Amino acid sequence: MKNKIKPNYSREHIAYLKKQKKKKIIVHLSRCFILIALLGIWELFAQLKVVNPFITSSPSRVIKTIGSLYSDGTLFYHIGITLMETIAGFVLAVILGYAIAVVLWASDMVRKVLEPYIVVLNSLPKIALGPLIIIWIGTGYDAIIFMTVLVSVIVCIMNMLAGFIAVDKTKLLLMKSMGANKITTLRKLIIPASLPALMNTLKVAVGLAWIGSIMGEYIVSKAGLGYLIVYGGQVFKLDLVMSATFILCLLAGGMYGIIALIEKRVVR
C-alpha cells in the first residue's frame with residue numbers, strides 16, 4: 001500500500017481549521033437547540049391550554065398519530081407514494097429543464113423567440129391547470145407527476161440557462177479562437193463551469209418538486225401525504241394534518257441534505 005502524504009500545515013493554518021470546525025459544531029448545535037426549543041414550547045403551550053391542542057395539535061399527539069399510522073400499516077404506504085411521485089417529477093423536471101436550457105443556449109434565435117413564453121409560463125398559477133390536467137391525463141399518479149414537472153421545470157430552465165450564459169466570456173472566446181464548435185464548447189467548458197448553477201438548480205427543484213406533488217395530491221390523489229392532509233382537514237383530524245406535514249418536512253429536509261452532500265463532492 002502506498003503511504004498517504006500528509007499535508008504539512010503551519011501552526012496558524014491548523015489553528016484556523018480548528019476554529020472553522022468549532023464554528024460548524026456550534027452552528028449544528030444551535031440548529032438542534034432551536035428545533036428542540038420550538039417543539040418544547042409548542043408542547044408546553046398545548047399542555048397548559050395556552051393554545052387549543054385540538055386546533056394546533058402538539059408534538060406528543062403528532063408522535064402518537066404517526067405511531068397509529070405505523071400500527072395500521074399505512075404510514076410507509078403513503079410516504080412511499082408521495083416519495084415516488086416527488087422523485088419522479090424532480091428527475092424529469094431537471095432532465096427536461098437542462099435539455100431545454102442547452103437548446104436555448106445553443107441558439108440565440110430560439111432563445112429570443114421562446115423567452116417571453118417561458119416567463120409567462122413561470123408566472124402562471126399552476127393550480128389553475130388542475131382541472132385541465134385531470135381531463136388530459138386522468139386521476140392517477142401520472143397526473144400528479146405531470147403537476148410536479150409543471151411546477152419545477154420552468155425554474156430549472158431559467159436557472160440553468162442563467163448558469164450557461166454566466167460562463168466567462170474570455171474562455172468562450174478562447175474556445176472559439178481554437179476552432180471549437182458548439183458541442184465541444186458545451187462539453188469542455190459550459191457543462192463543467194456551470195456545475196455550481198446545476199447544484200443550485202437541484203436545491204431549488206427539490207422544494208418545488210415537493211410543492212408540485214402535494215399540490216397534485218390535493219387535486220386528484222387517493223393516497224399519499226397530501227391525501228392525508230386533505231382528508232384530515234375534511235374530517236377535522238388536525239393531528240393527522242400536522243403529522244403528515246411533519247413527515248413532509250423531514251422528507252424534504254432529507255432530500256435537500258442529499259443534494260447538499262452531492263454538491264460538496266461534485267463541485268469540489
# chains A, B, ... in the order shown; residues from 1 in each chain; ligands from 1
>>> closest_atom_pairs(of="stretch 73-108 of chain A", to="stretch 125-147 of chain A", cutoff="8 Å", atoms="only C-alpha atoms", output="CSV")
residue,atom,partner,partner_atom,distance
A:Glu85,CA,A:Ile145,CA,5.5
A:Thr86,CA,A:Ile145,CA,7.1
A:Ala88,CA,A:Ile145,CA,6.6
A:Gly89,CA,A:Ile145,CA,4.9
>>> select_by_dssp(residues="stretch 90-256 of chain A", states="alpha helix (DSSP H)", output="PyMOL selection string")
chain A and resi 90-106+108-123+130-137+141-165+169-177+182-185+191-193+195-220+225-234+238-256
>>> closest_residue(among="A:Ile262, A:Leu238, A:Asp108, A:Ala252", to="A:Thr65", atoms="only C-alpha atoms")
A:Leu238
>>> residues_around(residues="stretch 35-50 of chain A", least_positions_apart="5", cutoff="9 Å", atoms="only C-alpha atoms", output="list in words")
Ser30, Thr56, Ser57, Ser58, Pro59 and Ser60 of chain A
>>> closest_residue(among="A:Leu202, A:Leu121, A:Ala106, A:Leu225", to="A:Leu186", atoms="only C-alpha atoms")
A:Ala106
>>> decode(residues="stretch 185-221 of chain A", atoms="N, CA, C and O atoms", output="PDB file, in the first residue's frame")
ATOM      1  N   THR A 185     -17.542  23.070 -27.130  1.00  0.00           N
ATOM      2  CA  THR A 185     -17.590  24.140 -26.119  1.00  0.00           C
ATOM      3  C   THR A 185     -18.521  23.767 -24.967  1.00  0.00           C
ATOM      4  O   THR A 185     -18.197  23.985 -23.800  1.00  0.00           O
ATOM      5  N   LEU A 186     -19.651  23.172 -25.333  1.00  0.00           N
ATOM      6  CA  LEU A 186     -20.603  22.745 -24.301  1.00  0.00           C
ATOM      7  C   LEU A 186     -19.992  21.673 -23.409  1.00  0.00           C
ATOM      8  O   LEU A 186     -20.080  21.760 -22.174  1.00  0.00           O
ATOM      9  N   ARG A 187     -19.351  20.698 -24.034  1.00  0.00           N
ATOM     10  CA  ARG A 187     -18.820  19.558 -23.284  1.00  0.00           C
ATOM     11  C   ARG A 187     -17.594  19.915 -22.455  1.00  0.00           C
ATOM     12  O   ARG A 187     -17.460  19.495 -21.303  1.00  0.00           O
ATOM     13  N   LYS A 188     -16.706  20.720 -23.047  1.00  0.00           N
ATOM     14  CA  LYS A 188     -15.425  21.002 -22.394  1.00  0.00           C
ATOM     15  C   LYS A 188     -15.462  22.219 -21.458  1.00  0.00           C
ATOM     16  O   LYS A 188     -14.678  22.294 -20.508  1.00  0.00           O
ATOM     17  N   LEU A 189     -16.367  23.152 -21.723  1.00  0.00           N
ATOM     18  CA  LEU A 189     -16.361  24.401 -20.946  1.00  0.00           C
ATOM     19  C   LEU A 189     -17.680  24.658 -20.215  1.00  0.00           C
ATOM     20  O   LEU A 189     -17.687  24.816 -18.985  1.00  0.00           O
ATOM     21  N   ILE A 190     -18.787  24.692 -20.946  1.00  0.00           N
ATOM     22  CA  ILE A 190     -20.054  25.136 -20.369  1.00  0.00           C
ATOM     23  C   ILE A 190     -20.536  24.201 -19.253  1.00  0.00           C
ATOM     24  O   ILE A 190     -20.885  24.662 -18.153  1.00  0.00           O
ATOM     25  N   ILE A 191     -20.553  22.896 -19.523  1.00  0.00           N
ATOM     26  CA  ILE A 191     -21.061  21.941 -18.522  1.00  0.00           C
ATOM     27  C   ILE A 191     -20.204  21.937 -17.250  1.00  0.00           C
ATOM     28  O   ILE A 191     -20.752  22.057 -16.146  1.00  0.00           O
ATOM     29  N   PRO A 192     -18.861  21.835 -17.364  1.00  0.00           N
ATOM     30  CA  PRO A 192     -18.065  21.880 -16.115  1.00  0.00           C
ATOM     31  C   PRO A 192     -18.182  23.215 -15.375  1.00  0.00           C
ATOM     32  O   PRO A 192     -18.269  23.239 -14.143  1.00  0.00           O
ATOM     33  N   ALA A 193     -18.189  24.323 -16.130  1.00  0.00           N
ATOM     34  CA  ALA A 193     -18.222  25.646 -15.488  1.00  0.00           C
ATOM     35  C   ALA A 193     -19.566  25.944 -14.829  1.00  0.00           C
ATOM     36  O   ALA A 193     -19.640  26.759 -13.907  1.00  0.00           O
ATOM     37  N   SER A 194     -20.629  25.279 -15.294  1.00  0.00           N
ATOM     38  CA  SER A 194     -21.967  25.551 -14.760  1.00  0.00           C
ATOM     39  C   SER A 194     -22.398  24.556 -13.688  1.00  0.00           C
ATOM     40  O   SER A 194     -23.576  24.517 -13.317  1.00  0.00           O
ATOM     41  N   LEU A 195     -21.469  23.759 -13.174  1.00  0.00           N
ATOM     42  CA  LEU A 195     -21.800  22.800 -12.111  1.00  0.00           C
ATOM     43  C   LEU A 195     -22.399  23.470 -10.869  1.00  0.00           C
ATOM     44  O   LEU A 195     -23.378  22.976 -10.307  1.00  0.00           O
ATOM     45  N   PRO A 196     -21.834  24.605 -10.408  1.00  0.00           N
ATOM     46  CA  PRO A 196     -22.480  25.278  -9.260  1.00  0.00           C
ATOM     47  C   PRO A 196     -23.921  25.689  -9.554  1.00  0.00           C
ATOM     48  O   PRO A 196     -24.784  25.577  -8.680  1.00  0.00           O
ATOM     49  N   ALA A 197     -24.181  26.137 -10.786  1.00  0.00           N
ATOM     50  CA  ALA A 197     -25.551  26.507 -11.173  1.00  0.00           C
ATOM     51  C   ALA A 197     -26.458  25.280 -11.165  1.00  0.00           C
ATOM     52  O   ALA A 197     -27.625  25.362 -10.757  1.00  0.00           O
ATOM     53  N   LEU A 198     -25.928  24.133 -11.589  1.00  0.00           N
ATOM     54  CA  LEU A 198     -26.708  22.895 -11.582  1.00  0.00           C
ATOM     55  C   LEU A 198     -27.065  22.501 -10.150  1.00  0.00           C
ATOM     56  O   LEU A 198     -28.204  22.106  -9.873  1.00  0.00           O
ATOM     57  N   MET A 199     -26.088  22.615  -9.241  1.00  0.00           N
ATOM     58  CA  MET A 199     -26.355  22.269  -7.840  1.00  0.00           C
ATOM     59  C   MET A 199     -27.411  23.194  -7.226  1.00  0.00           C
ATOM     60  O   MET A 199     -28.301  22.747  -6.494  1.00  0.00           O
ATOM     61  N   ASN A 200     -27.319  24.482  -7.546  1.00  0.00           N
ATOM     62  CA  ASN A 200     -28.335  25.434  -7.064  1.00  0.00           C
ATOM     63  C   ASN A 200     -29.711  25.114  -7.639  1.00  0.00           C
ATOM     64  O   ASN A 200     -30.732  25.224  -6.960  1.00  0.00           O
ATOM     65  N   THR A 201     -29.719  24.710  -8.905  1.00  0.00           N
ATOM     66  CA  THR A 201     -30.984  24.331  -9.551  1.00  0.00           C
ATOM     67  C   THR A 201     -31.593  23.112  -8.873  1.00  0.00           C
ATOM     68  O   THR A 201     -32.810  23.069  -8.645  1.00  0.00           O
ATOM     69  N   LEU A 202     -30.754  22.136  -8.540  1.00  0.00           N
ATOM     70  CA  LEU A 202     -31.245  20.945  -7.852  1.00  0.00           C
ATOM     71  C   LEU A 202     -31.847  21.299  -6.496  1.00  0.00           C
ATOM     72  O   LEU A 202     -32.895  20.766  -6.108  1.00  0.00           O
ATOM     73  N   LYS A 203     -31.186  22.212  -5.784  1.00  0.00           N
ATOM     74  CA  LYS A 203     -31.690  22.634  -4.460  1.00  0.00           C
ATOM     75  C   LYS A 203     -33.062  23.299  -4.575  1.00  0.00           C
ATOM     76  O   LYS A 203     -33.963  23.037  -3.777  1.00  0.00           O
ATOM     77  N   VAL A 204     -33.193  24.162  -5.576  1.00  0.00           N
ATOM     78  CA  VAL A 204     -34.479  24.845  -5.781  1.00  0.00           C
ATOM     79  C   VAL A 204     -35.536  23.852  -6.247  1.00  0.00           C
ATOM     80  O   VAL A 204     -36.688  23.873  -5.794  1.00  0.00           O
ATOM     81  N   ALA A 205     -35.137  22.957  -7.149  1.00  0.00           N
ATOM     82  CA  ALA A 205     -36.085  21.989  -7.719  1.00  0.00           C
ATOM     83  C   ALA A 205     -36.613  21.017  -6.668  1.00  0.00           C
ATOM     84  O   ALA A 205     -37.747  20.539  -6.788  1.00  0.00           O
ATOM     85  N   VAL A 206     -35.804  20.714  -5.647  1.00  0.00           N
ATOM     86  CA  VAL A 206     -36.259  19.820  -4.576  1.00  0.00           C
ATOM     87  C   VAL A 206     -37.502  20.395  -3.907  1.00  0.00           C
ATOM     88  O   VAL A 206     -38.529  19.711  -3.766  1.00  0.00           O
ATOM     89  N   GLY A 207     -37.417  21.664  -3.491  1.00  0.00           N
ATOM     90  CA  GLY A 207     -38.567  22.304  -2.844  1.00  0.00           C
ATOM     91  C   GLY A 207     -39.768  22.389  -3.758  1.00  0.00           C
ATOM     92  O   GLY A 207     -40.903  22.100  -3.339  1.00  0.00           O
ATOM     93  N   LEU A 208     -39.541  22.752  -5.018  1.00  0.00           N
ATOM     94  CA  LEU A 208     -40.643  22.882  -5.969  1.00  0.00           C
ATOM     95  C   LEU A 208     -41.282  21.529  -6.281  1.00  0.00           C
ATOM     96  O   LEU A 208     -42.490  21.440  -6.494  1.00  0.00           O
ATOM     97  N   ALA A 209     -40.459  20.470  -6.308  1.00  0.00           N
ATOM     98  CA  ALA A 209     -40.998  19.133  -6.577  1.00  0.00           C
ATOM     99  C   ALA A 209     -41.945  18.698  -5.464  1.00  0.00           C
ATOM    100  O   ALA A 209     -43.013  18.116  -5.731  1.00  0.00           O
ATOM    101  N   TRP A 210     -41.585  18.998  -4.220  1.00  0.00           N
ATOM    102  CA  TRP A 210     -42.489  18.665  -3.107  1.00  0.00           C
ATOM    103  C   TRP A 210     -43.774  19.481  -3.186  1.00  0.00           C
ATOM    104  O   TRP A 210     -44.866  18.958  -2.949  1.00  0.00           O
ATOM    105  N   ILE A 211     -43.643  20.757  -3.537  1.00  0.00           N
ATOM    106  CA  ILE A 211     -44.837  21.599  -3.698  1.00  0.00           C
ATOM    107  C   ILE A 211     -45.731  21.028  -4.793  1.00  0.00           C
ATOM    108  O   ILE A 211     -46.959  20.912  -4.625  1.00  0.00           O
ATOM    109  N   GLY A 212     -45.133  20.654  -5.919  1.00  0.00           N
ATOM    110  CA  GLY A 212     -45.905  20.131  -7.047  1.00  0.00           C
ATOM    111  C   GLY A 212     -46.604  18.821  -6.729  1.00  0.00           C
ATOM    112  O   GLY A 212     -47.782  18.638  -7.079  1.00  0.00           O
ATOM    113  N   SER A 213     -45.900  17.910  -6.056  1.00  0.00           N
ATOM    114  CA  SER A 213     -46.510  16.607  -5.752  1.00  0.00           C
ATOM    115  C   SER A 213     -47.659  16.747  -4.749  1.00  0.00           C
ATOM    116  O   SER A 213     -48.715  16.126  -4.910  1.00  0.00           O
ATOM    117  N   ILE A 214     -47.464  17.582  -3.730  1.00  0.00           N
ATOM    118  CA  ILE A 214     -48.533  17.783  -2.742  1.00  0.00           C
ATOM    119  C   ILE A 214     -49.713  18.519  -3.381  1.00  0.00           C
ATOM    120  O   ILE A 214     -50.884  18.203  -3.131  1.00  0.00           O
ATOM    121  N   MET A 215     -49.406  19.491  -4.247  1.00  0.00           N
ATOM    122  CA  MET A 215     -50.460  20.212  -4.973  1.00  0.00           C
ATOM    123  C   MET A 215     -51.273  19.240  -5.833  1.00  0.00           C
ATOM    124  O   MET A 215     -52.511  19.300  -5.874  1.00  0.00           O
ATOM    125  N   GLY A 216     -50.570  18.324  -6.501  1.00  0.00           N
ATOM    126  CA  GLY A 216     -51.257  17.321  -7.314  1.00  0.00           C
ATOM    127  C   GLY A 216     -52.105  16.381  -6.472  1.00  0.00           C
ATOM    128  O   GLY A 216     -53.218  16.021  -6.857  1.00  0.00           O
ATOM    129  N   GLU A 217     -51.580  15.999  -5.297  1.00  0.00           N
ATOM    130  CA  GLU A 217     -52.338  15.109  -4.411  1.00  0.00           C
ATOM    131  C   GLU A 217     -53.562  15.805  -3.837  1.00  0.00           C
ATOM    132  O   GLU A 217     -54.574  15.153  -3.550  1.00  0.00           O
ATOM    133  N   TYR A 218     -53.479  17.108  -3.642  1.00  0.00           N
ATOM    134  CA  TYR A 218     -54.663  17.859  -3.202  1.00  0.00           C
ATOM    135  C   TYR A 218     -55.805  17.710  -4.209  1.00  0.00           C
ATOM    136  O   TYR A 218     -56.980  17.680  -3.830  1.00  0.00           O
ATOM    137  N   ILE A 219     -55.445  17.624  -5.493  1.00  0.00           N
ATOM    138  CA  ILE A 219     -56.467  17.649  -6.550  1.00  0.00           C
ATOM    139  C   ILE A 219     -57.005  16.256  -6.871  1.00  0.00           C
ATOM    140  O   ILE A 219     -58.221  16.059  -6.963  1.00  0.00           O
ATOM    141  N   VAL A 220     -56.094  15.271  -7.042  1.00  0.00           N
ATOM    142  CA  VAL A 220     -56.544  14.000  -7.634  1.00  0.00           C
ATOM    143  C   VAL A 220     -56.183  12.745  -6.843  1.00  0.00           C
ATOM    144  O   VAL A 220     -56.567  11.656  -7.250  1.00  0.00           O
ATOM    145  N   SER A 221     -55.476  12.848  -5.731  1.00  0.00           N
ATOM    146  CA  SER A 221     -54.922  11.632  -5.132  1.00  0.00           C
ATOM    147  C   SER A 221     -55.942  10.843  -4.320  1.00  0.00           C
ATOM    148  O   SER A 221     -56.928  11.377  -3.813  1.00  0.00           O
TER     149      SER A 221
END
